[in-house]
Amino acid sequence: MVPPTEISVFLLSLLAPGVLYTMNNIPALQEPLVILGMGAVILGSVLLLLFLTVRHKAKVDPLFYVFAEFSFTCLVGLTNALEQDGFISGFMGFYIKMGEPHLTTAYALMMSYWEGIVHFILFLVIIHRMKSYRSLGLLWAGSSIAHQIVHIPGVVIGKYGSNIRPAFWRNIPFFLAPFWAASLLFSRPREMQIITADKIAAEQKKSLLFRPIDLLLSLLLLGSMAFSVFRGFVVLDCSLDTCFTYIYQYEPYLKDPVGFPRVMMLVYLFYALPLLTVFIYGLKTPGCSWMLDWTIFFAGAMAQTQWCHIGASLHSRTPFTYRVPADKRLPVIALNALLAAAPALLALRCHTNPAYFMKPVPAGQSNSKKKEN
């Protein structure tokens, strides 16, 4: 009897800590180029095993291999987080020393926890639901792309940029794969329940003032925009007294030389800000069906980055001078939590009552399932 695919992937992923432990105890496998080469061999072997696992199936979604391969690396990340926080030992020493020393930073630990818990669970659920996973896939794609566009530039421009070793470049395929996956997912038709033309018309006739939830969400998005602009100015060394006070008395983590917080604030300024703007437009203008996809993607991105940012700014591995002061924790955590919550609430609103965002359907069409591009 062949076990369910998600069980096979789960068991295969459990090999990751064993591989790390073995390499940590064989000196010949601990040279920088050898580590990079072994990483390629191991990932290639995992891909081969995955192919053998599903060879009996007539058709396999190509994204299955992405999700399953990433599941293996999720447990590498979780192993790193647990070792750096002192829960286990003897797994990652060689890789930290000769591979990616930045993985000891607080931001990298929070990133590893997110990857090892949230992404891992998400992958197993997606693999279990391979016939209907588009929304979950977009959630992961947003989270993973946000992870990489902060992680890679943060290492390069931060204090670890002068100590980049060959193993760091194994991140390149993990940077490209989520973009490829996202392009596939966005191009696939979404499946949703038909809503009658009368209901769509009734919803779309309401102005923003008569949709209190949408009005509140618009105000939250405006607040998120203002906060993103403000912190962007802060990391760009704005000379205003307000910026100076904020970075020294509220979020000194923004000037941590590791580079991650600076890159994240610039990503918010140049990428999140335009998206927040178009979401406000989507809440005001009926028939913007793209809101149903992009809000999920963006919610995943903001949840990942804010988890890492909040956690790293409080973690003991961040030098004391860069941690959020104890007397300012409540407002700082509240503001950052709201920044993560606003996109999630928007995505939830779009998917629980999508009539306002849908294109009109011919009257009399049945309430069955339909595919909408």
# chains A, B, ... in the order shown; residues from 1 in each chain; ligands from 1
call {"tool": "select_by_dssp", "arguments": {"residues": "segment 151-249 of chain A", "states": "strand (DSSP E)", "output": "list in words"}}
result
Arg190, Glu191, Met192 and Gln193 of chain A
call {"tool": "closest_atom_pairs", "arguments": {"of": "segment 31-88 of chain A", "to": "segment 298-320 of chain A", "cutoff": "12 Å", "atoms": "only C-alpha atoms", "output": "Markdown table"}}
result
| residue | atom | partner | partner_atom | distance |
| --- | --- | --- | --- | --- |
| A:Ala81 | CA | A:Arg317 | CA | 11.7 |
| A:Gln84 | CA | A:Arg317 | CA | 9.2 |
| A:Asp85 | CA | A:Arg317 | CA | 8.9 |
| A:Gly86 | CA | A:Arg317 | CA | 11.7 |
call {"tool": "select_by_dssp", "arguments": {"residues": "segment 164-225 of chain A", "states": "helix (DSSP H, G or I)", "output": "JSON, numbers by chain"}}
result
{"A": [166, 167, 168, 169, 170, 171, 172, 173, 174, 175, 176, 177, 178, 179, 180, 181, 182, 183, 184, 185, 186, 187, 197, 198, 199, 200, 201, 202, 203, 204, 208, 209, 210, 212, 213, 214, 215, 216, 217, 218, 219, 220, 221, 222, 223, 224, 225]}
call {"tool": "residues_around", "arguments": {"residues": "Phe94 of chain A", "least_positions_apart": "2", "cutoff": "10 Å", "atoms": "only C-alpha atoms", "output": "PyMOL selection string"}}
result
chain A and resi 20-21+23-27+29-32+35+90-92+96-101
call {"tool": "residues_around", "arguments": {"residues": "segment 256-258 of chain A", "least_positions_apart": "4", "cutoff": "12 Å", "atoms": "only C-alpha atoms", "output": "ChimeraX atom specification"}}
result
/A:101-108,150-162,235,247-248,251-252,262-264,309,312-313,317-324
call {"tool": "residues_around", "arguments": {"residues": "Val9 of chain A", "least_positions_apart": "6", "cutoff": "12 Å", "atoms": "only C-alpha atoms", "output": "ChimeraX atom specification"}}
result
/A:3,15-16,46-47,49-54,64-75,120-121,123-128
call {"tool": "atom_distance", "arguments": {"atom1": "atom CA of Ala177 of chain A", "atom2": "atom CA of Asn336 of chain A"}}
result
28.5 Å
call {"tool": "atom_distance", "arguments": {"atom1": "atom CA of Leu348 of chain A", "atom2": "atom CA of Leu292 of chain A"}}
result
9.5 Å
call {"tool": "atom_distance", "arguments": {"atom1": "atom CA of Ser228 of chain A", "atom2": "atom CA of Asp327 of chain A"}}
result
22.7 Å
call {"tool": "residues_around", "arguments": {"residues": "Leu283 of chain A", "least_positions_apart": "5", "cutoff": "12 Å", "atoms": "only C-alpha atoms", "output": "ChimeraX atom specification"}}
result
/A:203-204,206-209,211-219,221,276-278,288-292,295,346-347,349-350,354-358
